[in-house]
$ cat entry.pdb   # PDB, C-alpha atoms
ATOM      1  CA  ALA A 809      23.131   9.987  83.325
ATOM      2  CA  GLN A 810      25.180   9.390  80.211
ATOM      3  CA  SER A 811      23.019   9.139  77.123
ATOM      4  CA  VAL A 812      22.487   9.897  73.469
ATOM      5  CA  ALA A 813      19.263  11.201  71.965
ATOM      6  CA  GLN A 814      17.789  11.616  68.513
ATOM      7  CA  PRO A 815      14.910  14.065  68.889
ATOM      8  CA  GLU A 816      13.185  13.241  65.599
ATOM      9  CA  ASP A 817      11.578   9.870  64.893
ATOM     10  CA  GLN A 818      11.245  10.711  61.212
ATOM     11  CA  VAL A 819      12.740  13.192  58.766
ATOM     12  CA  ASN A 820      11.200  13.787  55.339
ATOM     13  CA  VAL A 821      13.228  15.429  52.587
ATOM     14  CA  ALA A 822      12.776  15.988  48.863
ATOM     15  CA  GLU A 823      15.437  14.530  46.605
ATOM     16  CA  GLY A 824      18.149  17.072  45.866
ATOM     17  CA  ASN A 825      17.510  19.068  49.045
ATOM     18  CA  PRO A 826      19.961  19.137  51.954
ATOM     19  CA  LEU A 827      19.224  16.856  54.888
ATOM     20  CA  THR A 828      19.998  16.979  58.597
ATOM     21  CA  VAL A 829      19.472  14.219  61.145
ATOM     22  CA  LYS A 830      19.920  15.455  64.695
ATOM     23  CA  CYS A 831      21.794  13.897  67.611
ATOM     24  CA  THR A 832      22.605  15.199  71.075
ATOM     25  CA  TYR A 833      24.665  13.498  73.750
ATOM     26  CA  SER A 834      25.483  13.611  77.423
ATOM     27  CA  VAL A 835      28.710  11.888  78.478
ATOM     28  CA  SER A 836      31.536  12.343  80.921
ATOM     29  CA  GLY A 837      34.851  13.317  79.419
ATOM     30  CA  ASN A 838      35.617  13.582  75.735
ATOM     31  CA  PRO A 839      32.964  11.925  73.570
ATOM     32  CA  TYR A 840      33.562   9.339  70.872
ATOM     33  CA  LEU A 841      30.597   9.733  68.515
ATOM     34  CA  PHE A 842      29.394   7.594  65.620
ATOM     35  CA  TRP A 843      26.711   7.455  62.966
ATOM     36  CA  TYR A 844      25.391   4.187  61.577
ATOM     37  CA  VAL A 845      22.802   3.466  58.880
ATOM     38  CA  GLN A 846      20.435   0.498  58.681
ATOM     39  CA  TYR A 847      18.742  -0.626  55.486
ATOM     40  CA  PRO A 848      15.697  -2.934  55.703
ATOM     41  CA  ASN A 849      16.417  -6.434  57.015
ATOM     42  CA  ARG A 850      20.115  -5.710  57.403
ATOM     43  CA  GLY A 851      22.537  -4.993  60.200
ATOM     44  CA  LEU A 852      23.899  -1.540  60.886
ATOM     45  CA  GLN A 853      26.645  -0.105  58.715
ATOM     46  CA  PHE A 854      29.219   2.419  59.891
ATOM     47  CA  LEU A 855      29.017   5.888  58.290
ATOM     48  CA  LEU A 856      31.454   8.090  60.179
ATOM     49  CA  LYS A 857      32.971   8.875  63.570
ATOM     50  CA  TYR A 858      34.319  11.752  65.618
ATOM     51  CA  ILE A 859      37.164  11.013  68.010
ATOM     52  CA  THR A 860      39.167  14.238  68.023
ATOM     53  CA  GLY A 861      40.321  16.934  65.624
ATOM     54  CA  ASP A 862      38.243  18.818  63.064
ATOM     55  CA  ASN A 863      34.655  19.408  64.077
ATOM     56  CA  LEU A 864      33.413  18.550  60.578
ATOM     57  CA  VAL A 865      33.795  14.856  59.863
ATOM     58  CA  LYS A 866      33.329  13.356  56.408
ATOM     59  CA  GLY A 867      32.093   9.815  55.953
ATOM     60  CA  SER A 868      30.671   7.317  53.492
ATOM     61  CA  TYR A 869      28.130   8.025  50.725
ATOM     62  CA  GLY A 870      28.661  11.815  50.862
ATOM     63  CA  PHE A 871      27.530  12.167  54.474
ATOM     64  CA  GLU A 872      29.217  14.442  56.973
ATOM     65  CA  ALA A 873      28.617  15.343  60.594
ATOM     66  CA  GLU A 874      29.358  18.416  62.655
ATOM     67  CA  PHE A 875      30.562  18.077  66.227
ATOM     68  CA  ASN A 876      29.496  20.980  68.436
ATOM     69  CA  LYS A 877      30.894  20.743  71.944
ATOM     70  CA  SER A 878      29.022  23.730  73.374
ATOM     71  CA  GLN A 879      25.679  22.377  72.171
ATOM     72  CA  THR A 880      26.665  18.722  72.822
ATOM     73  CA  SER A 881      25.436  17.825  69.359
ATOM     74  CA  PHE A 882      26.627  15.688  66.470
ATOM     75  CA  HIS A 883      24.187  16.260  63.607
ATOM     76  CA  LEU A 884      24.423  14.220  60.415
ATOM     77  CA  LYS A 885      24.212  16.167  57.160
ATOM     78  CA  LYS A 886      24.256  15.722  53.421
ATOM     79  CA  PRO A 887      24.165  18.589  50.902
ATOM     80  CA  SER A 888      21.909  16.829  48.382
ATOM     81  CA  ALA A 889      19.681  13.892  49.393
ATOM     82  CA  LEU A 890      19.108  10.827  47.225
ATOM     83  CA  VAL A 891      16.112   8.503  47.276
ATOM     84  CA  SER A 892      18.583   5.701  48.068
ATOM     85  CA  ASP A 893      19.505   7.502  51.321
ATOM     86  CA  SER A 894      16.121   6.473  52.727
ATOM     87  CA  ALA A 895      16.937   4.298  55.745
ATOM     88  CA  LEU A 896      17.088   4.225  59.533
ATOM     89  CA  TYR A 897      19.945   6.262  61.016
ATOM     90  CA  PHE A 898      21.458   5.766  64.444
ATOM     91  CA  CYS A 899      23.721   8.017  66.449
ATOM     92  CA  ALA A 900      25.952   6.299  69.024
ATOM     93  CA  VAL A 901      28.332   7.345  71.765
ATOM     94  CA  ARG A 902      31.071   5.468  73.541
ATOM     95  CA  LEU A 903      30.836   5.207  77.289
ATOM     96  CA  TRP A 904      34.078   4.488  79.063
ATOM     97  CA  ILE A 905      33.515   2.698  82.372
ATOM     98  CA  TYR A 906      36.532   2.332  84.662
ATOM     99  CA  ASN A 907      37.504  -1.347  84.961
ATOM    100  CA  GLN A 908      34.871  -2.343  82.393
ATOM    101  CA  GLY A 909      36.238  -0.872  79.208
ATOM    102  CA  GLY A 910      34.086   0.759  76.571
ATOM    103  CA  LYS A 911      30.425   0.328  75.728
ATOM    104  CA  LEU A 912      28.691   1.767  72.711
ATOM    105  CA  ILE A 913      25.158   3.011  73.311
ATOM    106  CA  PHE A 914      22.734   4.045  70.598
ATOM    107  CA  GLY A 915      20.026   6.614  70.155
ATOM    108  CA  GLN A 916      16.532   5.459  69.304
ATOM    109  CA  GLY A 917      16.999   5.980  65.580
ATOM    110  CA  THR A 918      15.618   8.395  62.970
ATOM    111  CA  GLU A 919      13.774   7.193  59.896
ATOM    112  CA  LEU A 920      14.892   9.220  56.881
ATOM    113  CA  SER A 921      12.518   9.302  53.926
ATOM    114  CA  VAL A 922      13.667  10.949  50.698
ATOM    115  CA  LYS A 923      10.926  11.473  48.102
ATOM    116  CA  PRO A 924      11.548  11.963  44.378
TER     117      PRO A 924
ATOM    118  CA  ASN B 980      34.788 -12.172  53.563
ATOM    119  CA  ALA B 981      32.118 -13.560  55.878
ATOM    120  CA  GLY B 982      32.440 -10.850  58.569
ATOM    121  CA  VAL B 983      29.908 -11.402  61.350
ATOM    122  CA  THR B 984      27.586 -14.368  60.795
ATOM    123  CA  GLN B 985      24.411 -14.871  62.800
ATOM    124  CA  THR B 986      22.214 -17.958  62.802
ATOM    125  CA  PRO B 987      19.347 -18.560  62.570
ATOM    126  CA  LYS B 988      17.826 -15.650  60.647
ATOM    127  CA  PHE B 989      14.348 -16.300  62.038
ATOM    128  CA  GLN B 990      13.088 -18.231  65.042
ATOM    129  CA  VAL B 991       9.731 -18.782  66.713
ATOM    130  CA  LEU B 992       9.676 -20.046  70.286
ATOM    131  CA  LYS B 993       6.967 -20.878  72.771
ATOM    132  CA  THR B 994       7.082 -19.274  76.202
ATOM    133  CA  GLY B 995       9.436 -21.202  78.455
ATOM    134  CA  GLN B 996      11.515 -22.766  75.701
ATOM    135  CA  SER B 997      15.245 -22.235  75.578
ATOM    136  CA  MET B 998      17.503 -21.613  72.617
ATOM    137  CA  THR B 999      20.900 -20.313  71.593
ATOM    138  CA  LEU B1000      21.509 -17.585  69.037
ATOM    139  CA  GLN B1001      24.818 -18.146  67.320
ATOM    140  CA  CYS B1002      27.339 -15.470  66.384
ATOM    141  CA  ALA B1003      30.692 -16.025  64.715
ATOM    142  CA  GLN B1004      33.237 -13.594  63.284
ATOM    143  CA  ASP B1005      36.272 -14.341  61.160
ATOM    144  CA  MET B1006      38.098 -11.024  61.603
ATOM    145  CA  ASN B1007      39.991 -11.939  64.794
ATOM    146  CA  HIS B1008      38.143  -9.190  66.665
ATOM    147  CA  GLU B1009      38.641  -9.047  70.404
ATOM    148  CA  TYR B1010      35.423  -7.216  71.220
ATOM    149  CA  MET B1011      32.015  -8.800  70.634
ATOM    150  CA  SER B1012      28.566  -7.741  71.762
ATOM    151  CA  TRP B1013      24.865  -8.517  71.551
ATOM    152  CA  TYR B1014      22.155  -5.897  71.049
ATOM    153  CA  ARG B1015      18.412  -6.138  70.775
ATOM    154  CA  GLN B1016      16.469  -3.765  68.559
ATOM    155  CA  ASP B1017      12.908  -2.789  69.402
ATOM    156  CA  PRO B1018      10.783  -0.143  67.665
ATOM    157  CA  GLY B1019      11.284   3.327  69.130
ATOM    158  CA  MET B1020      13.994   2.125  71.507
ATOM    159  CA  GLY B1021      17.010   1.894  69.256
ATOM    160  CA  LEU B1022      19.573  -0.757  70.073
ATOM    161  CA  ARG B1023      20.117  -1.817  73.647
ATOM    162  CA  LEU B1024      23.238  -3.621  74.781
ATOM    163  CA  ILE B1025      22.583  -7.043  76.315
ATOM    164  CA  HIS B1026      26.056  -8.479  76.974
ATOM    165  CA  TYR B1027      29.534  -7.874  75.698
ATOM    166  CA  SER B1028      32.993  -9.425  75.766
ATOM    167  CA  VAL B1029      36.406  -7.786  75.525
ATOM    168  CA  GLY B1030      38.176 -11.074  74.798
ATOM    169  CA  ALA B1031      38.009 -14.849  75.132
ATOM    170  CA  GLY B1032      37.014 -15.862  78.638
ATOM    171  CA  ILE B1033      35.732 -12.384  79.575
ATOM    172  CA  THR B1034      32.098 -11.304  79.499
ATOM    173  CA  ASP B1035      30.109  -8.532  81.138
ATOM    174  CA  GLN B1036      26.563  -7.249  81.334
ATOM    175  CA  GLY B1037      25.123  -4.434  79.276
ATOM    176  CA  GLU B1038      21.938  -2.424  79.764
ATOM    177  CA  VAL B1039      19.392  -5.260  79.545
ATOM    178  CA  PRO B1040      21.057  -8.566  80.578
ATOM    179  CA  ASN B1041      18.189 -10.235  82.428
ATOM    180  CA  GLY B1042      17.007 -13.468  80.846
ATOM    181  CA  TYR B1043      20.145 -13.901  78.737
ATOM    182  CA  ASN B1044      23.455 -15.688  79.217
ATOM    183  CA  VAL B1045      26.631 -15.530  77.173
ATOM    184  CA  SER B1046      30.007 -17.220  77.069
ATOM    185  CA  ARG B1047      33.200 -16.575  75.104
ATOM    186  CA  SER B1048      35.296 -19.714  74.927
ATOM    187  CA  THR B1049      36.985 -18.699  71.659
ATOM    188  CA  THR B1050      37.784 -15.406  69.974
ATOM    189  CA  GLU B1051      35.506 -16.278  67.047
ATOM    190  CA  ASP B1052      32.254 -17.268  68.774
ATOM    191  CA  PHE B1053      29.896 -15.436  71.108
ATOM    192  CA  PRO B1054      26.603 -17.319  71.555
ATOM    193  CA  LEU B1055      23.597 -15.779  73.292
ATOM    194  CA  ARG B1056      21.407 -18.122  75.315
ATOM    195  CA  LEU B1057      17.788 -17.564  76.269
ATOM    196  CA  LEU B1058      17.153 -19.792  79.253
ATOM    197  CA  SER B1059      13.359 -19.550  79.402
ATOM    198  CA  ALA B1060      11.890 -17.459  76.608
ATOM    199  CA  ALA B1061       9.277 -14.822  77.387
ATOM    200  CA  PRO B1062       7.095 -12.745  75.019
ATOM    201  CA  SER B1063       9.040  -9.642  76.143
ATOM    202  CA  GLN B1064      12.071 -11.136  74.412
ATOM    203  CA  THR B1065      10.413 -10.885  71.013
ATOM    204  CA  SER B1066      12.863  -8.675  69.161
ATOM    205  CA  VAL B1067      15.535  -8.492  66.512
ATOM    206  CA  TYR B1068      18.938  -9.461  67.873
ATOM    207  CA  PHE B1069      22.219  -8.189  66.471
ATOM    208  CA  CYS B1070      25.707  -9.409  67.134
ATOM    209  CA  ALA B1071      28.543  -6.940  66.548
ATOM    210  CA  SER B1072      32.325  -7.043  66.808
ATOM    211  CA  SER B1073      35.241  -4.637  66.802
ATOM    212  CA  PRO B1074      39.013  -5.064  66.828
ATOM    213  CA  GLU B1075      39.170  -3.595  70.319
ATOM    214  CA  SER B1076      37.002  -1.876  72.894
ATOM    215  CA  GLY B1077      38.830   1.451  72.687
ATOM    216  CA  TRP B1078      36.447   2.476  69.936
ATOM    217  CA  ASN B1079      38.960   3.800  67.460
ATOM    218  CA  SER B1080      37.432   1.208  65.138
ATOM    219  CA  PRO B1081      33.727   0.912  64.342
ATOM    220  CA  LEU B1082      31.468  -2.031  65.107
ATOM    221  CA  HIS B1083      30.794  -4.625  62.427
ATOM    222  CA  PHE B1084      27.244  -5.977  62.589
ATOM    223  CA  GLY B1085      25.671  -9.244  61.560
ATOM    224  CA  ASN B1086      22.383  -9.237  59.677
ATOM    225  CA  GLY B1087      20.323 -10.077  62.723
ATOM    226  CA  THR B1088      18.078 -12.811  64.109
ATOM    227  CA  ARG B1089      14.371 -12.072  64.251
ATOM    228  CA  LEU B1090      12.919 -13.853  67.282
ATOM    229  CA  THR B1091       9.228 -14.249  68.079
ATOM    230  CA  VAL B1092       8.110 -15.696  71.406
ATOM    231  CA  THR B1093       4.461 -16.762  71.571
TER     232      THR B1093
END
$ encode --input "entry.pdb" --output "structure tokens"
Amino acid sequence: AQSVAQPEDQVNVAEGNPLTVKCTYSVSGNPYLFWYVQYPNRGLQFLLKYITGDNLVKGSYGFEAEFNKSQTSFHLKKPSALVSDSALYFCAVRLWIYNQGGKLIFGQGTELSVKP
Amino acid sequence: NAGVTQTPKFQVLKTGQSMTLQCAQDMNHEYMSWYRQDPGMGLRLIHYSVGAGITDQGEVPNGYNVSRSTTEDFPLRLLSAAPSQTSVYFCASSPESGWNSPLHFGNGTRLTVT
């Protein structure tokens, strides 16, 4: 079955340290992969996407993600975490269904907590 | 820029009541969708639309109806509310369903069914 998974419910990082939020996927064909962030009481905001090309994708707020086809992963990274990065992060993958177009499905989310 | 506007922000219903969650976007986006967000389950797709007059079911469509009479509006109707429908509902839109462009989300409607 086609799916996307975030294996960690919560990630705790000290401010200034690098952070990684993990995502793995299982889809047919070439994956379209996305990361979104959700701050409290708000909708999701787009961070970055991988469609094709370089495996390292740069996005908003200093975040980047590395696409690894052999490991079917798309981990979100940031070299130096800020307290303001604390939020809920979602990985998403496009499913392309013949005659139905595209659907975007989301992982279960990872709560990132950055402590001073 | 209004973007995606959802109303109401909060709603409490009794079991069996019906209501409509409103969603409007002013970006001329063809693709619109409804998700529900529940703790530990991420966002699950309820219904989506690739253009006016076209709708289709997502992962969890039961208990919900949608229509798309205009490009701008995509209301979600709960026909007979159940406690299992207590959730936060998000409407999202995109210029097209090819996914070269990201989804734009509203700020959500928090629904409680008692």
$ atom_distance --input "entry.pdb" --atom1 "CA of Pro887 (chain A)" --atom2 "CA of Asn1086 (chain B)"
29.2 Å
$ closest_atom_pairs --input "entry.pdb" --of "region 821-881 of chain A" --to "region 1061-1077 of chain B" --cutoff "10 Å" --atoms "only C-alpha atoms" --output "CSV"
residue,atom,partner,partner_atom,distance
A:Tyr840,CA,B:Gly1077,CA,9.7
A:Asn849,CA,B:Val1067,CA,9.8
A:Arg850,CA,B:Phe1069,CA,9.6
A:Gly851,CA,B:Phe1069,CA,7.0
A:Leu852,CA,B:Phe1069,CA,8.8
$ write_last_selection --input "entry.pdb" --atoms "C-alpha atoms" --output "PDB file, in the coordinates of the input"
ATOM      1  CA  TYR A 840      33.562   9.339  70.872  1.00  0.00           C
ATOM      2  CA  ASN A 849      16.417  -6.434  57.015  1.00  0.00           C
ATOM      3  CA  ARG A 850      20.115  -5.710  57.403  1.00  0.00           C
ATOM      4  CA  GLY A 851      22.537  -4.993  60.200  1.00  0.00           C
ATOM      5  CA  LEU A 852      23.899  -1.540  60.886  1.00  0.00           C
TER       6      LEU A 852
END
$ interface_residues --input "entry.pdb" --of "chain B" --to "chain A" --cutoff "6 Å" --atoms "all atoms listed in the file" --output "PyMOL selection string"
chain B and resi 1019-1022+1076+1084-1086
$ resolve_selection --input "entry.pdb" --expression "the PyMOL selection byres ((chain B and resi 1060) around 8)" --output "PDB file with C-alpha atoms, in the coordinates of the input"
ATOM      1  CA  LEU B 992       9.676 -20.046  70.286  1.00  0.00           C
ATOM      2  CA  LYS B 993       6.967 -20.878  72.771  1.00  0.00           C
ATOM      3  CA  THR B 994       7.082 -19.274  76.202  1.00  0.00           C
ATOM      4  CA  GLY B 995       9.436 -21.202  78.455  1.00  0.00           C
ATOM      5  CA  GLN B 996      11.515 -22.766  75.701  1.00  0.00           C
ATOM      6  CA  SER B 997      15.245 -22.235  75.578  1.00  0.00           C
ATOM      7  CA  GLY B1042      17.007 -13.468  80.846  1.00  0.00           C
ATOM      8  CA  LEU B1057      17.788 -17.564  76.269  1.00  0.00           C
ATOM      9  CA  LEU B1058      17.153 -19.792  79.253  1.00  0.00           C
ATOM     10  CA  SER B1059      13.359 -19.550  79.402  1.00  0.00           C
ATOM     11  CA  ALA B1061       9.277 -14.822  77.387  1.00  0.00           C
ATOM     12  CA  PRO B1062       7.095 -12.745  75.019  1.00  0.00           C
ATOM     13  CA  GLN B1064      12.071 -11.136  74.412  1.00  0.00           C
ATOM     14  CA  VAL B1092       8.110 -15.696  71.406  1.00  0.00           C
TER      15      VAL B1092
END
$ resolve_selection --input "entry.pdb" --expression "the PyMOL selection byres ((chain B and resi 1007) around 9)" --output "number ranges by chain"
B: 1004-1006, 1008-1009, 1050-1051, 1073-1074
$ closest_residue --input "entry.pdb" --among "A:Thr832, A:Ser888, A:Asn820, A:Ser894" --to "Glu874 (chain A)" --atoms "only C-alpha atoms"
A:Thr832
$ atom_distance --input "entry.pdb" --atom1 "CA of Leu884 (chain A)" --atom2 "CA of Leu1082 (chain B)"
18.3 Å
$ build_atoms --input "entry.pdb" --residues "region 849-867 of chain A" --atoms "N, CA, C and O atoms" --output "PDB file, in the frame of the given file"
ATOM      1  N   ASN A 849      16.004  -5.037  56.834  1.00  0.00           N
ATOM      2  CA  ASN A 849      16.417  -6.434  57.015  1.00  0.00           C
ATOM      3  C   ASN A 849      17.935  -6.625  56.980  1.00  0.00           C
ATOM      4  O   ASN A 849      18.424  -7.695  56.600  1.00  0.00           O
ATOM      5  N   ARG A 850      18.659  -5.609  57.355  1.00  0.00           N
ATOM      6  CA  ARG A 850      20.115  -5.710  57.403  1.00  0.00           C
ATOM      7  C   ARG A 850      20.631  -5.215  58.745  1.00  0.00           C
ATOM      8  O   ARG A 850      19.921  -4.552  59.515  1.00  0.00           O
ATOM      9  N   GLY A 851      21.878  -5.541  59.026  1.00  0.00           N
ATOM     10  CA  GLY A 851      22.537  -4.993  60.200  1.00  0.00           C
ATOM     11  C   GLY A 851      22.957  -3.557  59.962  1.00  0.00           C
ATOM     12  O   GLY A 851      22.810  -3.021  58.868  1.00  0.00           O
ATOM     13  N   LEU A 852      23.470  -2.927  61.000  1.00  0.00           N
ATOM     14  CA  LEU A 852      23.899  -1.540  60.886  1.00  0.00           C
ATOM     15  C   LEU A 852      25.239  -1.452  60.161  1.00  0.00           C
ATOM     16  O   LEU A 852      26.094  -2.333  60.297  1.00  0.00           O
ATOM     17  N   GLN A 853      25.384  -0.362  59.412  1.00  0.00           N
ATOM     18  CA  GLN A 853      26.645  -0.105  58.715  1.00  0.00           C
ATOM     19  C   GLN A 853      27.229   1.210  59.205  1.00  0.00           C
ATOM     20  O   GLN A 853      26.506   2.197  59.358  1.00  0.00           O
ATOM     21  N   PHE A 854      28.520   1.234  59.413  1.00  0.00           N
ATOM     22  CA  PHE A 854      29.219   2.419  59.891  1.00  0.00           C
ATOM     23  C   PHE A 854      29.250   3.499  58.812  1.00  0.00           C
ATOM     24  O   PHE A 854      29.528   3.219  57.642  1.00  0.00           O
ATOM     25  N   LEU A 855      28.952   4.755  59.209  1.00  0.00           N
ATOM     26  CA  LEU A 855      29.017   5.888  58.290  1.00  0.00           C
ATOM     27  C   LEU A 855      30.229   6.775  58.568  1.00  0.00           C
ATOM     28  O   LEU A 855      30.978   7.127  57.653  1.00  0.00           O
ATOM     29  N   LEU A 856      30.364   7.192  59.833  1.00  0.00           N
ATOM     30  CA  LEU A 856      31.454   8.090  60.179  1.00  0.00           C
ATOM     31  C   LEU A 856      31.609   8.154  61.698  1.00  0.00           C
ATOM     32  O   LEU A 856      30.732   7.691  62.428  1.00  0.00           O
ATOM     33  N   LYS A 857      32.720   8.750  62.134  1.00  0.00           N
ATOM     34  CA  LYS A 857      32.971   8.875  63.570  1.00  0.00           C
ATOM     35  C   LYS A 857      33.704  10.171  63.862  1.00  0.00           C
ATOM     36  O   LYS A 857      34.407  10.723  62.997  1.00  0.00           O
ATOM     37  N   TYR A 858      33.527  10.645  65.091  1.00  0.00           N
ATOM     38  CA  TYR A 858      34.319  11.752  65.618  1.00  0.00           C
ATOM     39  C   TYR A 858      35.034  11.251  66.865  1.00  0.00           C
ATOM     40  O   TYR A 858      34.399  10.778  67.817  1.00  0.00           O
ATOM     41  N   ILE A 859      36.373  11.362  66.842  1.00  0.00           N
ATOM     42  CA  ILE A 859      37.164  11.013  68.010  1.00  0.00           C
ATOM     43  C   ILE A 859      37.830  12.274  68.548  1.00  0.00           C
ATOM     44  O   ILE A 859      37.716  12.612  69.721  1.00  0.00           O
ATOM     45  N   THR A 860      38.498  12.987  67.670  1.00  0.00           N
ATOM     46  CA  THR A 860      39.167  14.238  68.023  1.00  0.00           C
ATOM     47  C   THR A 860      39.498  14.965  66.733  1.00  0.00           C
ATOM     48  O   THR A 860      39.374  14.391  65.645  1.00  0.00           O
ATOM     49  N   GLY A 861      39.892  16.235  66.830  1.00  0.00           N
ATOM     50  CA  GLY A 861      40.321  16.934  65.624  1.00  0.00           C
ATOM     51  C   GLY A 861      39.257  17.839  65.060  1.00  0.00           C
ATOM     52  O   GLY A 861      38.470  18.449  65.800  1.00  0.00           O
ATOM     53  N   ASP A 862      39.175  17.920  63.731  1.00  0.00           N
ATOM     54  CA  ASP A 862      38.243  18.818  63.064  1.00  0.00           C
ATOM     55  C   ASP A 862      36.804  18.511  63.468  1.00  0.00           C
ATOM     56  O   ASP A 862      36.401  17.353  63.551  1.00  0.00           O
ATOM     57  N   ASN A 863      36.044  19.582  63.660  1.00  0.00           N
ATOM     58  CA  ASN A 863      34.655  19.408  64.077  1.00  0.00           C
ATOM     59  C   ASN A 863      33.769  18.872  62.955  1.00  0.00           C
ATOM     60  O   ASN A 863      32.715  18.307  63.217  1.00  0.00           O
ATOM     61  N   LEU A 864      34.178  19.067  61.705  1.00  0.00           N
ATOM     62  CA  LEU A 864      33.413  18.550  60.578  1.00  0.00           C
ATOM     63  C   LEU A 864      34.061  17.246  60.112  1.00  0.00           C
ATOM     64  O   LEU A 864      35.202  17.228  59.674  1.00  0.00           O
ATOM     65  N   VAL A 865      33.289  16.190  60.197  1.00  0.00           N
ATOM     66  CA  VAL A 865      33.795  14.856  59.863  1.00  0.00           C
ATOM     67  C   VAL A 865      33.116  14.385  58.586  1.00  0.00           C
ATOM     68  O   VAL A 865      31.894  14.467  58.471  1.00  0.00           O
ATOM     69  N   LYS A 866      33.893  13.888  57.655  1.00  0.00           N
ATOM     70  CA  LYS A 866      33.329  13.356  56.408  1.00  0.00           C
ATOM     71  C   LYS A 866      33.311  11.839  56.467  1.00  0.00           C
ATOM     72  O   LYS A 866      34.224  11.210  57.000  1.00  0.00           O
ATOM     73  N   GLY A 867      32.233  11.258  55.905  1.00  0.00           N
ATOM     74  CA  GLY A 867      32.093   9.815  55.953  1.00  0.00           C
ATOM     75  C   GLY A 867      31.686   9.227  54.615  1.00  0.00           C
ATOM     76  O   GLY A 867      31.893   9.819  53.573  1.00  0.00           O
TER      77      GLY A 867
END
